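Data block for data_25.txt (compact mmCIF, C-alpha atoms (C1' of nucleotides)):
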```
# COMPACT_ATOMS: atom_id res chain seq x y z
CA MET A 29 0.00 0.00 0.00
CA GLU A 30 1.63 3.19 -1.19
CA TRP A 31 1.14 6.59 0.46
CA ASN A 32 0.19 9.15 -2.17
CA PRO A 33 0.94 12.60 -0.76
CA LEU A 34 -1.12 14.27 -3.52
CA LYS A 35 -4.27 12.38 -2.68
CA LEU A 36 -6.97 14.72 -1.39
CA GLU A 37 -7.82 12.34 1.39
CA ASN A 38 -4.26 12.37 2.67
CA GLN A 39 -4.07 16.13 3.07
CA LEU A 40 -4.41 17.89 6.38
CA CYS A 41 -5.60 21.16 4.92
CA PHE A 42 -8.40 19.82 2.78
CA PRO A 43 -10.54 18.18 5.48
CA LEU A 44 -9.98 21.29 7.58
CA TYR A 45 -11.16 23.49 4.72
CA ALA A 46 -14.13 21.26 3.90
CA CYS A 47 -15.18 20.81 7.54
CA ALA A 48 -15.07 24.53 8.17
CA LYS A 49 -17.29 25.22 5.17
CA GLU A 50 -19.80 22.51 6.00
CA LEU A 51 -20.02 23.63 9.59
CA VAL A 52 -20.47 27.28 8.63
CA LYS A 53 -23.31 26.18 6.37
CA LYS A 54 -25.05 24.63 9.37
CA TYR A 55 -25.30 28.07 10.97
CA LYS A 56 -27.22 29.52 8.05
CA PRO A 57 -30.82 28.73 9.04
CA PHE A 58 -30.21 30.01 12.57
CA LEU A 59 -28.31 33.10 11.47
CA ASP A 60 -30.95 33.91 8.86
CA GLU A 61 -33.33 34.51 11.74
CA LEU A 62 -30.95 37.17 13.07
CA ASN A 63 -30.29 38.53 9.59
CA LEU A 64 -26.55 37.89 10.03
CA THR A 65 -23.98 36.05 7.93
CA TYR A 66 -21.45 33.83 9.66
CA THR A 67 -18.70 36.43 9.37
CA GLN A 68 -20.98 39.11 10.74
CA TYR A 69 -21.94 36.75 13.56
CA ILE A 70 -18.37 36.13 14.72
CA THR A 71 -17.71 39.86 14.49
CA MET A 72 -20.68 40.52 16.73
CA MET A 73 -19.42 37.80 19.05
CA VAL A 74 -16.16 39.65 19.61
CA LEU A 75 -18.10 42.85 20.20
CA TRP A 76 -20.45 41.18 22.67
CA GLU A 77 -17.33 40.29 24.61
CA HIS A 78 -15.60 43.65 24.39
CA ASN A 79 -18.27 46.23 23.49
CA SER A 80 -15.84 48.47 21.69
CA LEU A 81 -12.63 47.87 19.73
CA ASN A 82 -10.70 49.29 16.84
CA VAL A 83 -10.59 47.55 13.46
CA LYS A 84 -7.04 46.34 13.92
CA THR A 85 -7.80 44.51 17.18
CA LEU A 86 -11.01 43.13 15.78
CA GLY A 87 -9.11 41.88 12.76
CA LYS A 88 -6.48 40.20 14.88
CA ARG A 89 -9.12 38.31 16.87
CA LEU A 90 -11.00 37.25 13.74
CA TYR A 91 -8.01 36.62 11.47
CA LEU A 92 -9.48 39.09 9.01
CA ASP A 93 -8.07 42.26 7.47
CA SER A 94 -9.57 45.66 6.73
CA GLY A 95 -10.35 44.59 3.18
CA THR A 96 -12.92 42.20 4.58
CA LEU A 97 -13.90 44.13 7.67
CA THR A 98 -14.45 47.61 6.27
CA PRO A 99 -17.46 46.72 4.09
CA LEU A 100 -18.77 44.27 6.68
CA LEU A 101 -18.68 46.89 9.44
CA LYS A 102 -20.37 49.43 7.21
CA LYS A 103 -23.12 46.87 6.69
CA LEU A 104 -23.50 46.33 10.44
CA GLU A 105 -23.56 50.09 10.90
CA ASN A 106 -26.34 50.40 8.32
CA GLU A 107 -28.29 47.74 10.20
CA GLY A 108 -27.93 49.85 13.32
CA LEU A 109 -25.98 47.21 15.23
CA VAL A 110 -22.69 49.12 15.60
CA THR A 111 -21.30 52.63 15.38
CA ARG A 112 -18.04 53.55 13.64
CA THR A 113 -16.13 56.54 14.97
CA ARG A 114 -12.54 57.70 14.73
CA SER A 115 -10.50 57.55 17.89
CA ALA A 116 -10.04 60.94 19.53
CA GLY A 117 -6.49 60.11 20.56
CA ASP A 118 -5.41 58.70 17.18
CA GLU A 119 -7.41 59.63 14.13
CA ARG A 120 -6.07 56.63 12.24
CA GLU A 121 -7.97 54.23 14.44
CA LEU A 122 -11.61 53.47 13.80
CA ILE A 123 -13.53 52.49 16.91
CA VAL A 124 -16.35 50.03 16.44
CA SER A 125 -18.91 49.98 19.24
CA LEU A 126 -22.16 48.13 19.88
CA THR A 127 -25.39 50.09 19.78
CA GLU A 128 -28.26 49.25 22.11
CA LYS A 129 -29.78 47.22 19.28
CA GLY A 130 -26.46 45.40 18.85
CA VAL A 131 -26.32 44.60 22.55
CA GLN A 132 -29.88 43.31 22.46
CA LEU A 133 -29.22 40.93 19.60
CA ARG A 134 -26.98 38.94 21.92
CA GLU A 135 -29.94 37.41 23.66
CA LYS A 136 -31.34 35.87 20.48
CA ALA A 137 -27.87 34.74 19.45
CA SER A 138 -27.24 32.99 22.73
CA GLU A 139 -29.38 30.07 21.59
CA ILE A 140 -27.26 29.34 18.56
CA PRO A 141 -24.27 27.52 20.07
CA GLY A 142 -26.61 25.00 21.69
CA LYS A 143 -28.50 24.43 18.44
CA ILE A 144 -25.26 23.88 16.55
CA GLY A 145 -23.96 21.59 19.26
CA ALA A 146 -27.07 19.49 18.86
CA CYS A 147 -26.22 18.99 15.16
CA ILE A 148 -22.78 17.60 15.90
CA ASP A 149 -22.65 14.04 17.04
CA LEU A 150 -19.08 13.51 18.22
CA PRO A 151 -17.93 12.06 21.54
CA THR A 152 -17.02 14.79 24.03
CA GLU A 153 -13.54 13.37 24.09
CA ASP A 154 -13.13 14.08 20.37
CA LEU A 155 -14.56 17.57 20.70
CA VAL A 156 -12.13 18.42 23.46
CA LYS A 157 -9.19 16.94 21.58
CA LEU A 158 -10.17 18.74 18.37
CA HIS A 159 -10.37 22.02 20.24
CA GLU A 160 -7.01 21.48 21.81
CA ILE A 161 -5.21 20.57 18.59
CA LEU A 162 -6.82 23.36 16.57
CA HIS A 163 -5.77 25.97 19.12
CA LYS A 164 -2.26 24.57 19.12
CA LEU A 165 -2.20 24.72 15.32
CA LEU A 166 -3.67 28.20 15.25
CA LYS A 167 -1.09 29.45 17.69
CA GLN A 168 1.80 28.50 15.44
CA ALA A 169 0.24 28.76 12.00
CA GLY A 170 -1.86 31.85 12.56
CA GLY A 171 -0.57 35.37 12.64
CA MET B 2 -15.41 30.32 36.32
CA GLU B 3 -18.40 30.55 34.00
CA TRP B 4 -18.61 28.97 30.55
CA ASN B 5 -19.67 31.59 28.03
CA PRO B 6 -21.07 29.79 24.98
CA LEU B 7 -20.89 32.97 22.89
CA LYS B 8 -17.18 33.44 23.45
CA LEU B 9 -15.24 33.07 20.23
CA GLU B 10 -12.65 30.95 21.93
CA ASN B 11 -15.28 28.47 23.09
CA GLN B 12 -16.66 27.77 19.61
CA LEU B 13 -15.80 24.69 17.61
CA CYS B 14 -16.48 26.27 14.26
CA PHE B 15 -14.35 29.36 14.65
CA PRO B 16 -10.96 27.71 15.20
CA LEU B 17 -11.79 25.36 12.35
CA TYR B 18 -12.61 28.29 10.11
CA ALA B 19 -9.55 30.27 11.17
CA CYS B 20 -7.16 27.31 10.95
CA ALA B 21 -8.38 26.42 7.48
CA LYS B 22 -7.81 29.97 6.26
CA GLU B 23 -4.36 30.28 7.82
CA LEU B 24 -3.29 26.94 6.45
CA VAL B 25 -4.55 27.76 2.96
CA LYS B 26 -2.51 30.96 3.14
CA LYS B 27 0.61 28.90 3.73
CA TYR B 28 0.15 27.27 0.35
CA LYS B 29 0.22 30.59 -1.49
CA PRO B 30 3.96 31.03 -2.10
CA PHE B 31 4.26 27.46 -3.34
CA LEU B 32 1.11 27.59 -5.46
CA ASP B 33 2.14 30.92 -6.96
CA GLU B 34 5.02 29.04 -8.58
CA LEU B 35 2.49 26.78 -10.31
CA ASN B 36 0.18 29.68 -11.08
CA LEU B 37 -2.64 27.97 -9.18
CA THR B 38 -4.95 29.11 -6.39
CA TYR B 39 -5.72 26.72 -3.55
CA THR B 40 -9.13 25.81 -4.98
CA GLN B 41 -7.61 25.21 -8.39
CA TYR B 42 -4.93 23.08 -6.73
CA ILE B 43 -7.37 20.75 -4.95
CA THR B 44 -9.36 20.50 -8.17
CA MET B 45 -6.22 19.43 -10.02
CA MET B 46 -5.49 17.01 -7.20
CA VAL B 47 -8.77 15.18 -7.80
CA LEU B 48 -8.03 15.13 -11.52
CA TRP B 49 -4.52 13.78 -10.98
CA GLU B 50 -6.19 10.91 -9.18
CA HIS B 51 -8.96 10.28 -11.67
CA ASN B 52 -7.90 11.89 -14.96
CA SER B 53 -11.44 12.55 -16.06
CA LEU B 54 -14.69 13.24 -14.21
CA ASN B 55 -17.91 15.15 -14.64
CA VAL B 56 -18.62 18.35 -12.73
CA LYS B 57 -21.07 16.72 -10.37
CA THR B 58 -18.60 14.09 -9.18
CA LEU B 59 -15.83 16.66 -8.92
CA GLY B 60 -18.11 18.87 -6.86
CA LYS B 61 -19.01 16.05 -4.52
CA ARG B 62 -15.36 15.28 -3.85
CA LEU B 63 -14.46 18.93 -3.31
CA TYR B 64 -17.63 20.00 -1.49
CA LEU B 65 -18.15 22.66 -4.13
CA ASP B 66 -21.05 23.38 -6.46
CA SER B 67 -21.26 24.37 -10.10
CA GLY B 68 -21.48 28.04 -9.16
CA THR B 69 -17.91 27.80 -7.92
CA LEU B 70 -16.63 25.16 -10.30
CA THR B 71 -17.92 26.44 -13.64
CA PRO B 72 -15.80 29.62 -13.73
CA LEU B 73 -12.85 27.85 -12.09
CA LEU B 74 -12.85 25.08 -14.68
CA LYS B 75 -13.13 27.59 -17.51
CA LYS B 76 -10.02 29.23 -16.07
CA LEU B 77 -8.15 25.93 -15.97
CA GLU B 78 -9.28 25.27 -19.52
CA ASN B 79 -7.94 28.66 -20.61
CA GLU B 80 -4.62 27.79 -18.97
CA GLY B 81 -4.56 24.62 -21.04
CA LEU B 82 -4.61 22.31 -18.02
CA VAL B 83 -7.98 20.65 -18.66
CA THR B 84 -10.52 20.13 -21.41
CA ARG B 85 -14.29 20.50 -20.98
CA THR B 86 -16.51 18.38 -23.21
CA ARG B 87 -20.10 17.24 -22.99
CA SER B 88 -20.64 13.55 -22.37
CA ALA B 89 -21.65 11.66 -25.49
CA GLY B 90 -24.04 9.44 -23.55
CA ASP B 91 -25.68 12.26 -21.59
CA GLU B 92 -25.40 15.78 -22.91
CA ARG B 93 -26.20 17.23 -19.49
CA GLU B 94 -22.89 16.04 -18.09
CA LEU B 95 -19.72 18.01 -18.64
CA ILE B 96 -16.61 15.88 -18.64
CA VAL B 97 -13.46 17.52 -17.31
CA SER B 98 -10.23 15.85 -18.38
CA LEU B 99 -6.55 16.55 -17.86
CA THR B 100 -4.51 17.70 -20.83
CA GLU B 101 -0.90 16.61 -21.25
CA LYS B 102 0.11 19.92 -19.68
CA GLY B 103 -2.22 19.24 -16.81
CA VAL B 104 -0.72 15.81 -16.26
CA GLN B 105 2.77 17.24 -16.32
CA LEU B 106 2.01 19.84 -13.67
CA ARG B 107 1.63 17.00 -11.18
CA GLU B 108 5.37 16.55 -10.94
CA LYS B 109 5.97 20.10 -9.78
CA ALA B 110 3.02 19.89 -7.41
CA SER B 111 4.30 16.74 -5.80
CA GLU B 112 6.78 18.76 -3.77
CA ILE B 113 4.11 20.86 -2.10
CA PRO B 114 2.75 18.49 0.55
CA GLY B 115 6.24 18.01 1.94
CA LYS B 116 6.91 21.73 2.03
CA ILE B 117 3.64 22.35 3.84
CA GLY B 118 4.32 19.52 6.23
CA ALA B 119 7.61 21.16 7.12
CA CYS B 120 5.72 24.32 8.14
CA ILE B 121 3.53 22.47 10.60
CA ASP B 122 5.11 21.62 13.89
CA LEU B 123 2.67 19.26 15.58
CA PRO B 124 3.39 15.86 17.10
CA THR B 125 2.51 13.03 14.71
CA GLU B 126 0.06 11.81 17.29
CA ASP B 127 -1.87 15.08 17.04
CA LEU B 128 -1.80 15.05 13.24
CA VAL B 129 -3.20 11.54 13.12
CA LYS B 130 -5.86 12.34 15.69
CA LEU B 131 -6.83 15.56 13.90
CA HIS B 132 -7.16 13.67 10.63
CA GLU B 133 -9.30 11.03 12.24
CA ILE B 134 -11.68 13.45 13.95
CA LEU B 135 -12.04 15.71 10.93
CA HIS B 136 -12.97 12.80 8.69
CA LYS B 137 -15.48 11.63 11.25
CA LEU B 138 -16.96 15.13 11.40
CA LEU B 139 -16.98 15.49 7.63
CA LYS B 140 -18.79 12.19 7.24
CA GLN B 141 -21.74 13.33 9.33
CA ALA B 142 -21.70 17.08 8.77
CA GLY B 143 -20.80 17.09 5.08
CA GLY B 144 -23.21 16.32 2.28
C1' DT C 13 11.73 70.36 13.49
C1' DT C 14 10.80 68.69 9.48
C1' DA C 15 11.44 64.83 6.37
C1' DA C 16 11.38 59.79 6.34
C1' DA C 17 9.40 55.76 8.16
C1' DT C 18 5.62 53.56 10.15
C1' DT C 19 0.91 52.57 11.12
C1' DA C 20 -4.31 52.17 10.42
C1' DA C 21 -8.08 51.90 7.41
C1' DA C 22 -9.91 52.21 3.04
C1' DT C 23 -9.82 50.97 -1.73
C1' DT C 24 -9.11 48.06 -5.82
C1' DG C 25 -9.07 43.86 -8.18
C1' DC C 26 -9.44 39.02 -8.45
C1' DG C 27 -11.11 34.61 -7.03
C1' DT C 28 -13.89 31.99 -4.50
C1' DA C 29 -18.46 30.34 -2.04
C1' DC C 30 -23.13 29.53 -2.21
C1' DA C 31 -28.30 30.25 -2.57
C1' DA C 32 -31.59 30.67 -6.00
C1' DT C 33 -32.93 30.54 -10.56
C1' DT C 34 -32.69 29.09 -15.38
C1' DA C 35 -32.07 26.12 -19.37
C1' DA C 36 -31.42 21.95 -21.48
C1' DA C 37 -31.35 16.97 -21.51
C1' DT C 38 -33.02 12.76 -19.73
C1' DT C 39 -36.10 9.74 -17.24
C1' DG C 40 -40.44 8.20 -15.41
C1' DT C 41 -45.08 7.43 -16.03
C1' DA C 42 -49.83 7.84 -17.24
C1' DT D 15 -46.06 8.42 -27.15
C1' DA D 16 -46.37 12.82 -24.61
C1' DC D 17 -45.88 15.27 -20.63
C1' DA D 18 -44.39 15.88 -15.94
C1' DA D 19 -40.57 15.29 -12.86
C1' DT D 20 -35.84 15.02 -12.32
C1' DT D 21 -31.10 15.84 -13.19
C1' DT D 22 -26.96 18.51 -14.64
C1' DA D 23 -24.54 22.76 -15.53
C1' DA D 24 -24.67 27.44 -16.13
C1' DT D 25 -26.07 31.91 -14.58
C1' DT D 26 -27.14 35.64 -11.33
C1' DG D 27 -26.53 38.13 -7.23
C1' DT D 28 -24.54 38.79 -2.73
C1' DA D 29 -20.84 38.36 0.51
C1' DC D 30 -16.61 37.24 1.76
C1' DG D 31 -11.19 36.90 1.74
C1' DC D 32 -6.94 38.59 0.72
C1' DA D 33 -2.89 40.72 -1.80
C1' DA D 34 -1.48 45.06 -3.18
C1' DT D 35 -1.94 49.84 -3.25
C1' DT D 36 -3.42 54.31 -1.51
C1' DT D 37 -4.39 57.88 1.82
C1' DA D 38 -4.06 60.07 6.02
C1' DA D 39 -2.28 60.35 10.70
C1' DT D 40 1.37 59.60 13.81
C1' DT D 41 6.02 58.50 15.23
C1' DT D 42 10.98 58.39 14.60
C1' DA D 43 15.18 60.22 13.73
C1' DA D 44 18.45 62.97 11.44
```

Any chance you could put this one into structure tokens?
Amino acid sequence: MEWNPLKLENQLCFPLYACAKELVKKYKPFLDELNLTYTQYITMMVLWEHNSLNVKTLGKRLYLDSGTLTPLLKKLENEGLVTRTRSAGDERELIVSLTEKGVQLREKASEIPGKIGACIDLPTEDLVKLHEILHKLLKQAGG
Amino acid sequence: MEWNPLKLENQLCFPLYACAKELVKKYKPFLDELNLTYTQYITMMVLWEHNSLNVKTLGKRLYLDSGTLTPLLKKLENEGLVTRTRSAGDERELIVSLTEKGVQLREKASEIPGKIGACIDLPTEDLVKLHEILHKLLKQAGG
DNA sequence: TTAAATTAAATTGCGTACAATTAAATTGTA
DNA sequence: TACAATTTAATTGTACGCAATTTAATTTAA
């Protein structure tokens, strides 16, 4: 039995890439109810934790750059979920903050992780291990 | 210590999504040499295994639909790496086949998995476990 | 202290991704 | 046989995702 390193099945990246996409798809019906895309959802998640951050910090947390975030944040601003204001201390920085409406959306969103969890049928042991390895990988590969 | 289910760090999907993106980025310098994007690369990988398939089968393997594949395959056709012809038996099917140039590209590509592997510093045990769990997850979540 | 270097966001351009729809070919069935 | 249902790609429209460049503000250093 020969190991073919160019076989899709033998890659590390491909199952990661495919799993991520399939899992993101599972969020869609739930996120549709909040009128959010997945990327908007994780952005809101960071804001629900921190209330107010600049684009750079937000981007570091999300592994996204301003090319992705700028239009996305303008969208969220149009929806009335966040405000975008320049920092008083440093005009280069754009501060993104939750509005009252943005804060309130958190309650509806809080049901989502449980609903997603119910879709995934893996032993807890695997879930914990997966978490652990992914964070290890992200620490060295990311950034 | 309270478990916050809306914390980014506590999600399963987010590290998967972020890891996949970061890992795909690592391919870029190597793929640039072949003038391929990551999606084009995995498409070629399936073709190097099977030589000739229709779009539906290709899409099933790659977890991609015709909306993504149609323009991508036209690009590969323009580059002279594949041909696109309707099936004689069933005109609905489009058969994608490697050209000689497409076949030859495999040799250059064969160095990539090793180069990527060298970038990832995880114990073999973790790599094997990650593989195993991801395939398990893909089997139930994918499709 | 001002000119060069750096930093932060925005912009541009290209390539995915995918839902929804359309168009054409084939299959199933009355 | 004919017509409805199904199947396969292509198309359309929206939203990322990122490299590369640009613009404006700030910091560094000569």

Using all atoms listed in the file, which protein or nucleic acid residues come within 12 Å of DT28 of chain D? Drop anything in the same chain fewer than 5 positions from it, and give the result as a PDB file with C-alpha atoms (C1' of nucleotides), in the frame of the given file.
```pdb
ATOM      1  CA  THR A  65     -23.980  36.050   7.930  1.00  0.00           C
TER       2      THR A  65
ATOM      3  C1'  DA C  29     -18.460  30.340  -2.040  1.00  0.00           C
ATOM      4  C1'  DC C  30     -23.130  29.530  -2.210  1.00  0.00           C
ATOM      5  C1'  DA C  31     -28.300  30.250  -2.570  1.00  0.00           C
ATOM      6  C1'  DA C  32     -31.590  30.670  -6.000  1.00  0.00           C
TER       7       DA C  32
END
```

Counting only C-alpha atoms (C1' of nucleotides), which residues have an atom no more than 12 Å from (-6.5, 39.0, 13.7) in the file's coordinates? Please list them as a ChimeraX atom specification.
/A:71,74,82-94,96-97,166-167,170-171 /B:19,22-23

Taking C-alpha atoms for each residue, export the selection above as a CSV table (one decimal), in the coordinates of the input.
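So selection-v3.csv came out as:
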```
chain,number,residue,atom,x,y,z
A,71,THR,CA,-17.7,39.9,14.5
A,74,VAL,CA,-16.2,39.6,19.6
A,82,ASN,CA,-10.7,49.3,16.8
A,83,VAL,CA,-10.6,47.6,13.5
A,84,LYS,CA,-7.0,46.3,13.9
A,85,THR,CA,-7.8,44.5,17.2
A,86,LEU,CA,-11.0,43.1,15.8
A,87,GLY,CA,-9.1,41.9,12.8
A,88,LYS,CA,-6.5,40.2,14.9
A,89,ARG,CA,-9.1,38.3,16.9
A,90,LEU,CA,-11.0,37.2,13.7
A,91,TYR,CA,-8.0,36.6,11.5
A,92,LEU,CA,-9.5,39.1,9.0
A,93,ASP,CA,-8.1,42.3,7.5
A,94,SER,CA,-9.6,45.7,6.7
A,96,THR,CA,-12.9,42.2,4.6
A,97,LEU,CA,-13.9,44.1,7.7
A,166,LEU,CA,-3.7,28.2,15.2
A,167,LYS,CA,-1.1,29.4,17.7
A,170,GLY,CA,-1.9,31.8,12.6
A,171,GLY,CA,-0.6,35.4,12.6
B,19,ALA,CA,-9.6,30.3,11.2
B,22,LYS,CA,-7.8,30.0,6.3
B,23,GLU,CA,-4.4,30.3,7.8
```

Considering only C-alpha atoms (C1' of nucleotides), give me a table of residues in chain C that are at most 9 Å from chain A, with the closest atom pair and distance in Å for each, as JSON lines.
```
{"residue": "C:DT19", "atom": "C1'", "partner": "A:Arg120", "partner_atom": "CA", "distance": 8.2}
{"residue": "C:DA20", "atom": "C1'", "partner": "A:Arg120", "partner_atom": "CA", "distance": 5.1}
{"residue": "C:DA21", "atom": "C1'", "partner": "A:Ser94", "partner_atom": "CA", "distance": 6.5}
{"residue": "C:DA22", "atom": "C1'", "partner": "A:Thr98", "partner_atom": "CA", "distance": 7.2}
{"residue": "C:DT23", "atom": "C1'", "partner": "A:Gly95", "partner_atom": "CA", "distance": 8.1}
{"residue": "C:DA29", "atom": "C1'", "partner": "A:Lys49", "partner_atom": "CA", "distance": 8.9}
```

With only C-alpha atoms (C1' of nucleotides) considered, list every residue of chain D at most 12 Å from chain A, as a PyMOL selection string.
chain D and resi 28-35+37-41

Rotated and translated chain A onto chain B by C-alpha atoms, as a short mmCIF file (atom, residue, chain, number, x, y, z; two decimals) with C-alpha atoms, keeping the file's coordinate frame:
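Wrote it out as part.cif, contents follow:
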```cif
data_model
loop_
_atom_site.label_atom_id
_atom_site.label_comp_id
_atom_site.auth_asym_id
_atom_site.auth_seq_id
_atom_site.Cartn_x
_atom_site.Cartn_y
_atom_site.Cartn_z
CA MET A 29 -15.48 30.22 36.31
CA GLU A 30 -18.46 30.53 34.01
CA TRP A 31 -18.66 28.94 30.55
CA ASN A 32 -19.71 31.56 28.02
CA PRO A 33 -21.09 29.75 24.98
CA LEU A 34 -20.91 32.95 22.89
CA LYS A 35 -17.22 33.43 23.46
CA LEU A 36 -15.27 33.05 20.22
CA GLU A 37 -12.68 30.93 21.93
CA ASN A 38 -15.30 28.45 23.08
CA GLN A 39 -16.67 27.76 19.62
CA LEU A 40 -15.81 24.69 17.62
CA CYS A 41 -16.49 26.26 14.25
CA PHE A 42 -14.37 29.35 14.65
CA PRO A 43 -10.97 27.72 15.22
CA LEU A 44 -11.81 25.36 12.37
CA TYR A 45 -12.61 28.30 10.11
CA ALA A 46 -9.55 30.29 11.18
CA CYS A 47 -7.17 27.31 10.96
CA ALA A 48 -8.38 26.44 7.49
CA LYS A 49 -7.80 29.98 6.27
CA GLU A 50 -4.36 30.30 7.83
CA LEU A 51 -3.28 26.96 6.45
CA VAL A 52 -4.55 27.78 2.96
CA LYS A 53 -2.53 30.98 3.13
CA LYS A 54 0.61 28.92 3.73
CA TYR A 55 0.16 27.29 0.33
CA LYS A 56 0.24 30.60 -1.50
CA PRO A 57 3.98 31.04 -2.13
CA PHE A 58 4.27 27.45 -3.36
CA LEU A 59 1.13 27.58 -5.47
CA ASP A 60 2.17 30.91 -6.98
CA GLU A 61 5.04 29.05 -8.60
CA LEU A 62 2.51 26.77 -10.32
CA ASN A 63 0.20 29.68 -11.10
CA LEU A 64 -2.63 27.96 -9.19
CA THR A 65 -4.94 29.11 -6.41
CA TYR A 66 -5.69 26.74 -3.56
CA THR A 67 -9.10 25.84 -4.98
CA GLN A 68 -7.61 25.21 -8.39
CA TYR A 69 -4.92 23.09 -6.74
CA ILE A 70 -7.35 20.76 -4.97
CA THR A 71 -9.34 20.49 -8.18
CA MET A 72 -6.22 19.44 -10.03
CA MET A 73 -5.49 17.01 -7.21
CA VAL A 74 -8.76 15.18 -7.81
CA LEU A 75 -8.03 15.12 -11.52
CA TRP A 76 -4.51 13.79 -10.99
CA GLU A 77 -6.18 10.91 -9.18
CA HIS A 78 -8.96 10.27 -11.68
CA ASN A 79 -7.91 11.90 -14.97
CA SER A 80 -11.46 12.55 -16.05
CA LEU A 81 -14.71 13.25 -14.20
CA ASN A 82 -17.92 15.15 -14.62
CA VAL A 83 -18.61 18.37 -12.72
CA LYS A 84 -21.06 16.74 -10.35
CA THR A 85 -18.58 14.10 -9.16
CA LEU A 86 -15.82 16.65 -8.92
CA GLY A 87 -18.10 18.86 -6.86
CA LYS A 88 -18.99 16.05 -4.51
CA ARG A 89 -15.32 15.28 -3.84
CA LEU A 90 -14.45 18.94 -3.30
CA TYR A 91 -17.62 20.01 -1.47
CA LEU A 92 -18.12 22.67 -4.12
CA ASP A 93 -21.03 23.38 -6.46
CA SER A 94 -21.23 24.38 -10.10
CA GLY A 95 -21.45 28.04 -9.13
CA THR A 96 -17.88 27.82 -7.93
CA LEU A 97 -16.61 25.18 -10.30
CA THR A 98 -17.89 26.44 -13.63
CA PRO A 99 -15.77 29.62 -13.73
CA LEU A 100 -12.83 27.85 -12.10
CA LEU A 101 -12.85 25.07 -14.71
CA LYS A 102 -13.11 27.59 -17.52
CA LYS A 103 -10.01 29.24 -16.08
CA LEU A 104 -8.14 25.92 -15.99
CA GLU A 105 -9.28 25.26 -19.54
CA ASN A 106 -7.92 28.65 -20.64
CA GLU A 107 -4.61 27.78 -19.00
CA GLY A 108 -4.56 24.61 -21.06
CA LEU A 109 -4.60 22.30 -18.04
CA VAL A 110 -7.98 20.64 -18.67
CA THR A 111 -10.52 20.11 -21.42
CA ARG A 112 -14.29 20.49 -20.98
CA THR A 113 -16.53 18.37 -23.18
CA ARG A 114 -20.12 17.22 -22.96
CA SER A 115 -20.68 13.55 -22.31
CA ALA A 116 -21.71 11.63 -25.42
CA GLY A 117 -24.10 9.45 -23.45
CA ASP A 118 -25.74 12.29 -21.51
CA GLU A 119 -25.45 15.79 -22.87
CA ARG A 120 -26.20 17.27 -19.46
CA GLU A 121 -22.91 16.07 -18.07
CA LEU A 122 -19.73 18.03 -18.62
CA ILE A 123 -16.61 15.89 -18.62
CA VAL A 124 -13.47 17.51 -17.31
CA SER A 125 -10.24 15.84 -18.38
CA LEU A 126 -6.54 16.54 -17.87
CA THR A 127 -4.50 17.67 -20.84
CA GLU A 128 -0.89 16.59 -21.26
CA LYS A 129 0.13 19.91 -19.71
CA GLY A 130 -2.23 19.23 -16.79
CA VAL A 131 -0.73 15.79 -16.27
CA GLN A 132 2.76 17.25 -16.34
CA LEU A 133 2.02 19.83 -13.68
CA ARG A 134 1.64 16.99 -11.19
CA GLU A 135 5.37 16.54 -10.95
CA LYS A 136 5.98 20.11 -9.79
CA ALA A 137 3.03 19.89 -7.42
CA SER A 138 4.30 16.73 -5.80
CA GLU A 139 6.78 18.76 -3.77
CA ILE A 140 4.13 20.86 -2.11
CA PRO A 141 2.75 18.49 0.55
CA GLY A 142 6.25 18.00 1.93
CA LYS A 143 6.92 21.74 2.02
CA ILE A 144 3.64 22.37 3.83
CA GLY A 145 4.32 19.53 6.23
CA ALA A 146 7.61 21.16 7.10
CA CYS A 147 5.73 24.33 8.14
CA ILE A 148 3.53 22.49 10.62
CA ASP A 149 5.11 21.62 13.89
CA LEU A 150 2.65 19.27 15.58
CA PRO A 151 3.38 15.86 17.10
CA THR A 152 2.51 13.04 14.70
CA GLU A 153 0.05 11.82 17.27
CA ASP A 154 -1.90 15.08 17.02
CA LEU A 155 -1.81 15.06 13.24
CA VAL A 156 -3.21 11.56 13.12
CA LYS A 157 -5.89 12.34 15.69
CA LEU A 158 -6.84 15.56 13.89
CA HIS A 159 -7.18 13.68 10.63
CA GLU A 160 -9.31 11.04 12.22
CA ILE A 161 -11.69 13.45 13.95
CA LEU A 162 -12.04 15.72 10.92
CA HIS A 163 -12.96 12.80 8.69
CA LYS A 164 -15.48 11.62 11.25
CA LEU A 165 -16.95 15.12 11.40
CA LEU A 166 -16.96 15.49 7.64
CA LYS A 167 -18.76 12.20 7.23
CA GLN A 168 -21.71 13.32 9.31
CA ALA A 169 -21.70 17.06 8.76
CA GLY A 170 -20.80 17.09 5.09
CA GLY A 171 -23.15 16.32 2.27
#
```

Out of B:Phe31, B:Met46, B:Gln41, B:Gly103, which residue has the shortest atom-to-atom distance to chain A when counting all atoms listed in the file?
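Looking at the shortest contact to chain A, the residue is B:Met46.
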
Compute the set of chain A residues within 9 Å of chain B, using all atoms listed in the file, and express it as a PyMOL selection string.
chain A and resi 33-52+54+70+73-74+76-77+89-91+134+137-142+145+147-150+154-155+157-159+161-166+168-171

In Å, rounded to a single decimal, give me how far atom CA of Leu99 of chain B is from atom CA of Arg87 of chain B.
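Going from atom CA of Arg87 of chain B over to atom CA of Leu99 of chain B covers 14.5 Å.
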
For DT13 of chain C, which of D:DT22, D:DG27, D:DA43, D:DC17 is the closest residue, counting all atoms listed in the file?
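Among the listed residues, the smallest separation from DT13 of chain C belongs to D:DA43.
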
Determine, counting all atoms listed in the file, every residue of protein, DNA or RNA that lies within 9 Å of (-34.7, 13.0, -16.9) in the file coordinates, then give the result as an mmCIF file with C-alpha atoms (C1' of nucleotides), in the coordinates of the input.
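Once written, result20.cif looks like this:
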```
data_model
loop_
_atom_site.group_PDB
_atom_site.id
_atom_site.type_symbol
_atom_site.label_atom_id
_atom_site.label_comp_id
_atom_site.auth_asym_id
_atom_site.auth_seq_id
_atom_site.Cartn_x
_atom_site.Cartn_y
_atom_site.Cartn_z
ATOM 1 C "C1'" DA C 37 -31.350 16.970 -21.510
ATOM 2 C "C1'" DT C 38 -33.020 12.760 -19.730
ATOM 3 C "C1'" DT C 39 -36.100 9.740 -17.240
ATOM 4 C "C1'" DG C 40 -40.440 8.200 -15.410
ATOM 5 C "C1'" DA D 19 -40.570 15.290 -12.860
ATOM 6 C "C1'" DT D 20 -35.840 15.020 -12.320
ATOM 7 C "C1'" DT D 21 -31.100 15.840 -13.190
#
```
